[in-house]
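Reading through the structure tokens given below for one structure.
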Amino acid sequence: MPRTTTSDASSGNSSGEPSPAHPEKREIPTRSRIFADLTPLRTSPDYRRLWCGNTVSWMGQQMTALAVSLQVYALTRSTFAVGLVGLCSLVPLVVFGLYGGAIADTVDRRRLGLYSAAGATAMSLVLAGAALAGYHRVWLLYTVVALQAVCFAMNSPARSSMIPRLLPTEQLPAANALNSLTTNLGLMGGPMLGGVIVGLWGYQAAYLIDVVAFGGSLYAMWRLPAMRPDQGEGPQRRASVLDGLRFLATRPNVRMTFFTDLAAMVLAQPRALFPAVAVLWFAGDAKTVGLLAAAPAVGAVLGGLFSGWLGGIRRHGLAILLAVASWGAAVACFGLSRHLWFGLFFLAVAGCADTVSMVFRSTILQAATPDAMRGRLQGVFIVVVAGGPRLGDFLAGSAADLTSPATAIIGGGLACVLVVAALGLGRRAFARYDARHPEP
């Protein structure tokens, strides 16, 4: 698998090709760790800048997401109008996620990442400028949210495809654990900070802070070497979305990473039922809903903080099956709980299991996919991650209306476990997947 070593990346190799002087390494470290493995941050300055820049900018993006929702509600006093904000971002993510991946397999990924991050920065500037000028229009907020989603759909495949070029294969699980920590810390802390900042200084303050936060991501992208995708020998041709889907159809292990994630997010996604559950089971209010919504993120953050042991696991397929089954079992246990703290505990366990699953799914996707196809497969990943939970919300809500919230949550969790077991039995080679010899 082509990749650059730290020294190659730092030297500014304009081709972005791996150096032949450094042979491939497939050994998986056996030293036991408890806390998150920081080796990728220590060994690769490029990855360190990329991770730090993404962490800061992601926090700013989550602040902006909350500020936009608050501003839409303040202008319309309609929860439906606030719900449309999510739709405005979902459609571009699904549509442009696939095409963004194809573009990332055609052009210099560093340049694509830099331009798309600059576009997202410009959108935050538009929000800040409109707020400072007193121009409060819902259509403008919807338009900016959609354009931000387009920028993210272009940026994410490019950025994710760079990581295997910056780090050796054995460090990918640690890097993906650190990336999950960034995601979940942003989801936890970004809205909280955004609410405080909007309350103290207004919407424009949150948007301006987001603009400044994007500076970290822009700087990290600017410092990277050129990273054109490795097309191998032979004539170069334009990357096609259909070629990526055809490739996925012939790669059962990579395909299984998507199937298992869909089993968890579609069948066992209880978040749409949190408002009803808070009242019916726990006699709570909006604060209780907030606790239920935060619990999986808390578990995911803890899973990332204590992820050092993941680097010693080489049966990544088996780990994914067990982690997704654990998610389903934890959700089913949540459906049985009638004490708030037990419910929060099981949701946190589910969040931790999701982190473990994400780390190994991302690692298989990066390690077992040729560099020329990584962008397109990351585009499919965006579609699954963006669409799966929203389908799960619809399924859970519909099932609860037809039966009850308890039946929907318990049944969904058990269905997830059964489907994952069926997937594992149907594709036994996935459970035998060995990180030392990645097979797509």
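In the structure tokens, chains take the letters A, B, ... in the order shown, each chain's residues start at 1, and ligands count up from 1 in the order shown.
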Per-residue nearest contacts of stretch 270-366 of chain A to stretch 401-421 of chain A (8 Å; only C-alpha atoms) as a Markdown table:
```
| residue | atom | partner | partner_atom | distance |
| --- | --- | --- | --- | --- |
| A:Pro270 | CA | A:Ile409 | CA | 6.1 |
| A:Leu273 | CA | A:Pro405 | CA | 6.7 |
| A:Ala276 | CA | A:Pro405 | CA | 7.6 |
| A:Val277 | CA | A:Pro405 | CA | 7.0 |
| A:Leu321 | CA | A:Val420 | CA | 6.4 |
| A:Val324 | CA | A:Val420 | CA | 7.2 |
| A:Ala325 | CA | A:Val417 | CA | 4.7 |
| A:Ser326 | CA | A:Val417 | CA | 7.7 |
| A:Trp327 | CA | A:Gly413 | CA | 7.6 |
| A:Gly328 | CA | A:Gly413 | CA | 4.1 |
| A:Ala329 | CA | A:Gly413 | CA | 5.7 |
| A:Ala330 | CA | A:Gly413 | CA | 7.4 |
| A:Val331 | CA | A:Gly413 | CA | 5.2 |
| A:Ala332 | CA | A:Ile410 | CA | 4.2 |
| A:Cys333 | CA | A:Ile410 | CA | 7.2 |
| A:Phe334 | CA | A:Ile410 | CA | 7.7 |
| A:Gly335 | CA | A:Ile410 | CA | 5.1 |
| A:Leu336 | CA | A:Ile410 | CA | 7.1 |
```
Since we have the selection now, will you write its residues out, keeping all heavy atoms, as a compact mmCIF listing (two decimals), in the first residue's frame?
```txt
# COMPACT_ATOMS: atom_id res chain seq x y z
N PRO A 270 -31.80 4.94 18.88
CA PRO A 270 -32.92 5.34 19.75
C PRO A 270 -33.10 6.84 19.93
O PRO A 270 -34.03 7.26 20.62
CB PRO A 270 -32.53 4.69 21.08
CG PRO A 270 -31.03 4.76 21.10
CD PRO A 270 -30.60 4.59 19.66
N LEU A 273 -36.39 8.86 19.93
CA LEU A 273 -37.36 8.53 20.98
C LEU A 273 -36.98 9.12 22.33
O LEU A 273 -37.72 8.92 23.31
CB LEU A 273 -37.51 7.02 21.10
CG LEU A 273 -37.88 6.29 19.79
CD1 LEU A 273 -38.04 4.80 20.04
CD2 LEU A 273 -39.15 6.87 19.19
N ALA A 276 -39.75 11.28 24.13
CA ALA A 276 -40.85 10.49 24.69
C ALA A 276 -40.38 9.67 25.89
O ALA A 276 -41.07 9.58 26.91
CB ALA A 276 -41.43 9.58 23.61
N VAL A 277 -39.21 9.06 25.75
CA VAL A 277 -38.68 8.23 26.82
C VAL A 277 -38.42 9.04 28.09
O VAL A 277 -38.68 8.59 29.21
CB VAL A 277 -37.38 7.54 26.34
CG1 VAL A 277 -36.58 6.99 27.51
CG2 VAL A 277 -37.70 6.43 25.34
N LEU A 321 -17.49 -6.86 14.47
CA LEU A 321 -18.70 -7.63 14.73
C LEU A 321 -19.07 -7.60 16.21
O LEU A 321 -20.24 -7.40 16.57
CB LEU A 321 -18.50 -9.08 14.27
CG LEU A 321 -18.33 -9.29 12.76
CD1 LEU A 321 -17.96 -10.73 12.47
CD2 LEU A 321 -19.62 -8.92 12.03
N VAL A 324 -20.24 -3.90 17.20
CA VAL A 324 -21.59 -3.55 16.73
C VAL A 324 -22.64 -4.36 17.48
O VAL A 324 -23.72 -3.84 17.82
CB VAL A 324 -21.69 -3.76 15.21
CG1 VAL A 324 -23.12 -3.49 14.73
CG2 VAL A 324 -20.73 -2.83 14.48
N ALA A 325 -22.35 -5.64 17.74
CA ALA A 325 -23.28 -6.44 18.55
C ALA A 325 -23.41 -5.86 19.95
O ALA A 325 -24.51 -5.86 20.53
CB ALA A 325 -22.81 -7.89 18.60
N SER A 326 -22.32 -5.35 20.49
CA SER A 326 -22.37 -4.72 21.82
C SER A 326 -23.22 -3.46 21.79
O SER A 326 -23.95 -3.16 22.75
CB SER A 326 -20.95 -4.39 22.30
OG SER A 326 -20.18 -5.57 22.44
N TRP A 327 -23.12 -2.68 20.71
CA TRP A 327 -23.98 -1.51 20.56
C TRP A 327 -25.45 -1.93 20.64
O TRP A 327 -26.24 -1.37 21.38
CB TRP A 327 -23.70 -0.81 19.23
CG TRP A 327 -24.76 0.15 18.79
CD1 TRP A 327 -25.93 -0.18 18.14
CD2 TRP A 327 -24.80 1.58 18.96
NE1 TRP A 327 -26.67 0.96 17.89
CE2 TRP A 327 -26.01 2.03 18.39
CE3 TRP A 327 -23.92 2.49 19.52
CZ2 TRP A 327 -26.36 3.38 18.38
CZ3 TRP A 327 -24.27 3.84 19.51
CH2 TRP A 327 -25.47 4.28 18.95
N GLY A 328 -25.82 -2.95 19.82
CA GLY A 328 -27.21 -3.41 19.81
C GLY A 328 -27.66 -3.92 21.17
O GLY A 328 -28.77 -3.61 21.62
N ALA A 329 -26.80 -4.69 21.84
CA ALA A 329 -27.16 -5.22 23.16
C ALA A 329 -27.32 -4.10 24.18
O ALA A 329 -28.24 -4.12 25.02
CB ALA A 329 -26.09 -6.21 23.62
N ALA A 330 -26.44 -3.10 24.13
CA ALA A 330 -26.53 -1.98 25.07
C ALA A 330 -27.81 -1.17 24.83
O ALA A 330 -28.46 -0.72 25.78
CB ALA A 330 -25.30 -1.08 24.94
N VAL A 331 -28.18 -0.97 23.55
CA VAL A 331 -29.43 -0.25 23.24
C VAL A 331 -30.63 -1.04 23.76
O VAL A 331 -31.57 -0.46 24.32
CB VAL A 331 -29.53 0.00 21.73
CG1 VAL A 331 -30.93 0.49 21.35
CG2 VAL A 331 -28.49 1.02 21.29
N ALA A 332 -30.62 -2.37 23.57
CA ALA A 332 -31.71 -3.20 24.09
C ALA A 332 -31.80 -3.10 25.61
O ALA A 332 -32.90 -3.01 26.17
CB ALA A 332 -31.53 -4.65 23.64
N CYS A 333 -30.66 -3.11 26.28
CA CYS A 333 -30.66 -2.97 27.74
C CYS A 333 -31.19 -1.59 28.16
O CYS A 333 -31.90 -1.47 29.17
CB CYS A 333 -29.25 -3.18 28.29
SG CYS A 333 -28.67 -4.88 28.21
N PHE A 334 -30.85 -0.56 27.38
CA PHE A 334 -31.42 0.75 27.65
C PHE A 334 -32.95 0.71 27.57
O PHE A 334 -33.65 1.33 28.38
CB PHE A 334 -30.87 1.78 26.66
CG PHE A 334 -31.61 3.08 26.66
CD1 PHE A 334 -31.51 3.96 27.74
CD2 PHE A 334 -32.42 3.45 25.58
CE1 PHE A 334 -32.21 5.16 27.75
CE2 PHE A 334 -33.12 4.64 25.59
CZ PHE A 334 -33.01 5.50 26.68
N GLY A 335 -33.46 -0.04 26.60
CA GLY A 335 -34.91 -0.16 26.46
C GLY A 335 -35.57 -0.86 27.63
O GLY A 335 -36.78 -0.66 27.88
N LEU A 336 -34.81 -1.65 28.37
CA LEU A 336 -35.34 -2.34 29.54
C LEU A 336 -35.22 -1.53 30.82
O LEU A 336 -35.86 -1.85 31.82
CB LEU A 336 -34.61 -3.68 29.73
CG LEU A 336 -34.85 -4.76 28.65
CD1 LEU A 336 -33.87 -5.90 28.84
CD2 LEU A 336 -36.29 -5.25 28.71
```
Residue neighbourhood stretch 291-298 of chain A, 7 Å, only C-alpha atoms, exclusion window fewer than 5 positions, as a ChimeraX atom specification:
/A:184,188,271,274,344,347-348,350-351
Put those residues in a file: N, CA, C and O atoms, as an mmCIF file, in the first residue's frame.
```
data_model
loop_
_atom_site.group_PDB
_atom_site.id
_atom_site.type_symbol
_atom_site.label_atom_id
_atom_site.label_comp_id
_atom_site.auth_asym_id
_atom_site.auth_seq_id
_atom_site.Cartn_x
_atom_site.Cartn_y
_atom_site.Cartn_z
ATOM 1 N N ASN A 184 -16.077 13.453 18.712
ATOM 2 C CA ASN A 184 -17.000 13.408 19.850
ATOM 3 C C ASN A 184 -16.783 14.559 20.822
ATOM 4 O O ASN A 184 -17.748 15.048 21.428
ATOM 5 N N MET A 188 -19.707 17.219 21.757
ATOM 6 C CA MET A 188 -20.054 17.526 23.146
ATOM 7 C C MET A 188 -19.829 18.994 23.477
ATOM 8 O O MET A 188 -20.713 19.674 23.990
ATOM 9 N N ARG A 271 -32.254 7.680 19.331
ATOM 10 C CA ARG A 271 -32.238 9.095 19.710
ATOM 11 C C ARG A 271 -33.547 9.818 19.392
ATOM 12 O O ARG A 271 -33.927 10.763 20.102
ATOM 13 N N PHE A 274 -35.871 9.820 22.406
ATOM 14 C CA PHE A 274 -35.438 10.368 23.702
ATOM 15 C C PHE A 274 -36.478 11.313 24.325
ATOM 16 O O PHE A 274 -36.711 11.236 25.536
ATOM 17 N N LEU A 344 -28.606 5.907 31.316
ATOM 18 C CA LEU A 344 -27.442 6.670 30.867
ATOM 19 C C LEU A 344 -26.214 5.790 30.754
ATOM 20 O O LEU A 344 -25.402 5.938 29.826
ATOM 21 N N LEU A 347 -26.440 3.713 27.544
ATOM 22 C CA LEU A 347 -26.189 4.555 26.375
ATOM 23 C C LEU A 347 -24.710 4.895 26.249
ATOM 24 O O LEU A 347 -24.168 4.957 25.130
ATOM 25 N N ALA A 348 -24.040 5.125 27.376
ATOM 26 C CA ALA A 348 -22.597 5.392 27.337
ATOM 27 C C ALA A 348 -21.836 4.166 26.847
ATOM 28 O O ALA A 348 -20.876 4.281 26.072
ATOM 29 N N ALA A 350 -22.999 1.965 24.793
ATOM 30 C CA ALA A 350 -23.235 1.925 23.350
ATOM 31 C C ALA A 350 -22.307 2.894 22.629
ATOM 32 O O ALA A 350 -21.738 2.567 21.575
ATOM 33 N N GLY A 351 -22.129 4.102 23.172
ATOM 34 C CA GLY A 351 -21.230 5.067 22.553
ATOM 35 C C GLY A 351 -19.795 4.585 22.518
ATOM 36 O O GLY A 351 -19.085 4.779 21.522
#
```
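The closest residue to A:Ile34, picked from A:Gly379, A:Gly311, A:Pro438, A:Pro389 and counting only C-alpha atoms, is A:Gly311.
Excluding A:Gly195 itself and same-chain residues fewer than 6 positions from it, the residues having an atom within 12 Å of it are Gln62, Met63, Thr64, Ala65, Leu66, Ala67, Val68, Ser69, Leu70, Gln71, Met188, Gly189, Trp201, Gly202, Tyr203, Ala205 and Ala206 of chain A, counting only C-alpha atoms.
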Contacts of A:Leu340 within 9 Å, only C-alpha atoms, excl. fewer than 5 positions in-chain, as a CSV table (one decimal) with N, CA, C and O atoms, in the first residue's frame:
```
chain,number,residue,atom,x,y,z
A,278,ALA,N,-37.9,10.3,27.9
A,278,ALA,CA,-37.6,11.1,29.1
A,278,ALA,C,-38.8,11.3,29.9
A,278,ALA,O,-38.8,11.3,31.2
A,281,TRP,N,-40.7,7.3,30.8
A,281,TRP,CA,-39.9,6.3,31.7
A,281,TRP,C,-39.3,7.0,32.9
A,281,TRP,O,-39.3,6.4,34.0
A,282,PHE,N,-38.8,8.2,32.7
A,282,PHE,CA,-38.1,8.8,33.8
A,282,PHE,C,-38.7,10.1,34.4
A,282,PHE,O,-38.1,10.7,35.2
A,288,THR,N,-33.6,16.2,31.0
A,288,THR,CA,-33.4,14.7,30.9
A,288,THR,C,-33.1,14.3,29.4
A,288,THR,O,-32.3,13.5,29.2
A,292,LEU,N,-29.8,12.3,28.0
A,292,LEU,CA,-29.9,11.1,27.2
A,292,LEU,C,-29.1,11.3,25.9
A,292,LEU,O,-28.4,10.4,25.4
A,345,PHE,N,-26.1,4.9,31.7
A,345,PHE,CA,-24.9,3.9,31.7
A,345,PHE,C,-24.9,3.1,30.4
A,345,PHE,O,-23.9,3.0,29.7
```
When you look at A:Arg428 with a cut-off of 12 Å (counting only C-alpha atoms), what residues show up, excluding the ones that are within fewer than 3 positions of it in the same chain? I need them as a list in words.
Pro252, Asn253, Met256, Gly317, Leu318, Leu321, Val420, Ala421, Ala422, Leu423, Gly424, Leu425, Ala431, Arg432 and Tyr433 of chain A
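Taking only C-alpha atoms, the non-local environment of A:Leu242 within 10 Å (same-chain residues fewer than 5 positions away omitted) comprises Leu98, Ala102, Phe247, Leu248 and Arg376 of chain A.
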For the selection you just gave me, I'd like the residues written to a file as a short mmCIF file (atom, residue, chain, number, x, y, z; two decimals), in the first residue's frame, keeping N, CA and C atoms.
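The result, stored in result.cif:
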```cif
data_model
loop_
_atom_site.label_atom_id
_atom_site.label_comp_id
_atom_site.auth_asym_id
_atom_site.auth_seq_id
_atom_site.Cartn_x
_atom_site.Cartn_y
_atom_site.Cartn_z
N LEU A 98 -20.39 11.45 -2.64
CA LEU A 98 -19.91 10.51 -3.66
C LEU A 98 -19.02 11.23 -4.67
N ALA A 102 -14.86 11.04 -5.65
CA ALA A 102 -14.32 10.84 -7.00
C ALA A 102 -13.32 11.94 -7.34
N PHE A 247 -15.96 -1.23 -7.67
CA PHE A 247 -14.86 -1.72 -6.84
C PHE A 247 -15.39 -2.22 -5.50
N LEU A 248 -16.29 -1.47 -4.90
CA LEU A 248 -16.85 -1.87 -3.61
C LEU A 248 -17.61 -3.19 -3.73
N ARG A 376 -13.06 7.76 -3.26
CA ARG A 376 -14.42 7.33 -3.56
C ARG A 376 -15.02 6.49 -2.44
#
```
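Using only C-alpha atoms, the contacts of stretch 49-60 of chain A at a cut-off of 6 Å, with sequence neighbours closer than 5 positions omitted, comprise Thr182, Gly186, Gly190, Asp210, Ala213, Phe214, Gly216, Ser217 and Ala220 of chain A.
Take the candidates A:Ala435, A:Ala268, A:Met373, A:Val212 and check each one against A:Ala122 using only C-alpha atoms; the shortest distance goes to A:Val212.
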I'd like to know which residues of stretch 88-323 of chain A are helix (DSSP H, G or I) (by DSSP, run on the backbone); could you write them as a VMD selection string?
chain A and resid 88 to 104 109 to 132 138 to 166 169 to 201 203 to 223 241 to 249 252 to 267 271 to 280 286 to 305 308 to 312 316 to 323
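When atom CA of A:Leu178 is paired with atom CA of A:Ala36, their separation reads 7.3 Å.
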